[in-house]
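S.K.: Have a look at this one.
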Amino acid sequence: MSDESAPGPAPARPWWAIALVLLAVAALAFAIGRFSTFGAQSPSTAPGQTSADAGFARDMQVHHGQAIEMAMEIYRKTEDAELRVLAYDIATGQAAQRGEMFDWLVKWGLPQSGEPMMSWMSGSEAGHGHGGTADEPMTDDEAHAAMGMASADELTALQDATGQEADCLFLDLMIRHHEGAIPMTEALLELGTDPRALQVAQAMKDGQTAEIDAMQSMQARLGCG
């Protein structure tokens, strides 16, 4: 006898449900950052305003913000299950890291913005040619390009694209985006001093390198040109 009351397969969560999860993660990270000021590091041990640690935390928050935006866009409309899982992982993972970097600056008693973008990298081997000079720092647009970030036109194209075109454009943009992040992690590993920031930078480098490999495999499978 059939059991008509047996539940069917759980429905896939719609894109807006994931957006709510991301908002909850960001809100939690913000709350942690605010309450953690009670245990903030002393001025003698915390990274300073012009430190590599602070520059990395600020610039990588900007970098992660665009990755989350692009990942949520393709998560919403792709029909490829593997790509949808990857987009979810990128969006949730980078949202959590972004919240943690916000928290670092709060604990260090530093503002969330300050020095010219990427100027903290100028003294590193990994940042050679990426950080501008003390006399001529990069503009924000130049820094965004050096960081592998998508332009406004590219983001619009991703929003307008559908089907395989959207999948392939996302993979192309996100691979470039990840490739722009790796020199930033390498520069912090060379110049940084905060143990947790160094640990996170190494995890970012390892994780994004693996994701680049995965995305290149997806490009081949999807027949991206």
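Following the order of the structure tokens, chains are lettered A, B, ..., residues in each are numbered from 1, and ligands are numbered from 1.
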Kindly provide the residues of stretch 113-166 of chain A that approach stretch 205-224 of chain A to within 12 Å, each paired with its closest atom pair and their distance in Å to one decimal, based on only C-alpha atoms, listed by chain and increasing number, as a tab-separated table.
M.R.:
```
residue	atom	partner	partner_atom	distance
A:Gly163	CA	A:Leu222	CA	10.8
A:Gln164	CA	A:Leu222	CA	7.4
A:Glu165	CA	A:Cys224	CA	8.2
A:Ala166	CA	A:Cys224	CA	10.3
```
S.K.: Save out the residues we just selected, all heavy atoms, as a PDB file, in the first residue's frame.
M.R.:
```
ATOM      1  N   GLY A 163      21.718  31.872 -20.130  1.00  0.00           N
ATOM      2  CA  GLY A 163      22.148  30.578 -20.629  1.00  0.00           C
ATOM      3  C   GLY A 163      23.653  30.376 -20.602  1.00  0.00           C
ATOM      4  O   GLY A 163      24.349  30.849 -19.697  1.00  0.00           O
ATOM      5  N   GLN A 164      24.157  29.679 -21.633  1.00  0.00           N
ATOM      6  CA  GLN A 164      25.587  29.378 -21.704  1.00  0.00           C
ATOM      7  C   GLN A 164      26.418  30.648 -21.761  1.00  0.00           C
ATOM      8  O   GLN A 164      27.515  30.717 -21.189  1.00  0.00           O
ATOM      9  CB  GLN A 164      25.887  28.505 -22.919  1.00  0.00           C
ATOM     10  CG  GLN A 164      27.360  28.101 -23.028  1.00  0.00           C
ATOM     11  CD  GLN A 164      27.691  27.435 -24.345  1.00  0.00           C
ATOM     12  OE1 GLN A 164      27.046  27.696 -25.355  1.00  0.00           O
ATOM     13  NE2 GLN A 164      28.684  26.570 -24.339  1.00  0.00           N
ATOM     14  N   GLU A 165      25.911  31.672 -22.420  1.00  0.00           N
ATOM     15  CA  GLU A 165      26.647  32.940 -22.504  1.00  0.00           C
ATOM     16  C   GLU A 165      26.904  33.502 -21.108  1.00  0.00           C
ATOM     17  O   GLU A 165      28.007  33.957 -20.794  1.00  0.00           O
ATOM     18  CB  GLU A 165      25.871  33.948 -23.343  1.00  0.00           C
ATOM     19  CG  GLU A 165      26.568  35.314 -23.454  1.00  0.00           C
ATOM     20  CD  GLU A 165      25.708  36.369 -24.126  1.00  0.00           C
ATOM     21  OE1 GLU A 165      24.550  36.069 -24.491  1.00  0.00           O
ATOM     22  OE2 GLU A 165      26.193  37.515 -24.275  1.00  0.00           O
ATOM     23  N   ALA A 166      25.887  33.473 -20.263  1.00  0.00           N
ATOM     24  CA  ALA A 166      26.045  33.987 -18.897  1.00  0.00           C
ATOM     25  C   ALA A 166      27.017  33.129 -18.098  1.00  0.00           C
ATOM     26  O   ALA A 166      27.879  33.658 -17.384  1.00  0.00           O
ATOM     27  CB  ALA A 166      24.686  34.031 -18.202  1.00  0.00           C
TER      28      ALA A 166
END
```
S.K.: What's the 6 Å shell around A:Gly192, counting only C-alpha atoms, without same-chain residues fewer than 3 positions away, as a ChimeraX atom specification?
M.R.: /A:52-53,188-189
S.K.: Rounded to one decimal in Å, what is the spacing between atom CA of A:Ala181 and atom CA of A:Val85?
M.R.: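 Atom CA of A:Val85 lies 21.0 Å from atom CA of A:Ala181.
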S.K.: Have a look at A:Thr185, A:Thr45, A:Thr162, A:Gln202 and name the one nearest to A:Ser124; count only C-alpha atoms.
M.R.: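 Using only C-alpha atoms, A:Ser124 sits closest to A:Thr185.
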S.K.: Closest to A:Ala95 among A:Ala201, A:Leu191, A:Ala146, A:Ile68, using only C-alpha atoms?
M.R.: A:Ile68
S.K.: Considering only C-alpha atoms, return as number ranges by chain whatever protein or nucleic-acid residues lie within 9 Å of A:Glu125, sequence-local ones (same chain, fewer than 6 positions apart) excluded.
M.R.: A: 186-187, 190
S.K.: Pull C-alpha atoms from the residues just selected and write them as a short mmCIF file (atom, residue, chain, number, x, y, z; two decimals), in the first residue's frame.
M.R.:
```
data_model
loop_
_atom_site.label_atom_id
_atom_site.label_comp_id
_atom_site.auth_asym_id
_atom_site.auth_seq_id
_atom_site.Cartn_x
_atom_site.Cartn_y
_atom_site.Cartn_z
CA GLU A 186 51.13 36.91 -1.47
CA ALA A 187 51.94 40.54 -0.63
CA GLU A 190 55.39 38.86 2.73
#
```
S.K.: Have a look at atom CA of A:Thr156 and atom CA of A:Met72 and let me know their distance in Å, one decimal.
M.R.: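 Computing it gives 13.9 Å between the two atoms.
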S.K.: One decimal, Å: what's the distance from atom CA of A:Arg84 over to atom CA of A:Ala71, could you say?
M.R.: 8.7 Å
S.K.: Go through A:Gly225, A:Pro195, A:Gly48, A:Pro183 one by one, measure the shortest atom-to-atom distance of each to A:Trp108 using only C-alpha atoms, and give the residue with the smallest value.
M.R.: A:Gly48
S.K.: Enumerate the residues of stretch 56-144 of chain A with a DSSP assignment of alpha helix (DSSP H), computed from the backbone, and present them as a ChimeraX atom specification.
M.R.: /A:56-77,81-107,140-144
S.K.: Which of these, A:Leu198, A:Ala46, A:Ala81, A:Val62, has the shortest distance to A:Leu110 once you count only C-alpha atoms?
M.R.: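 Among A:Leu198, A:Ala46, A:Ala81, A:Val62, it is A:Ala46 that comes nearest to A:Leu110.
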S.K.: Between A:Ser122, A:Leu173, A:Ala203, A:Leu83, which has the minimum distance to A:Asp153 (counting only C-alpha atoms)?
M.R.: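 Under the stated criterion, the closest residue is A:Leu173.
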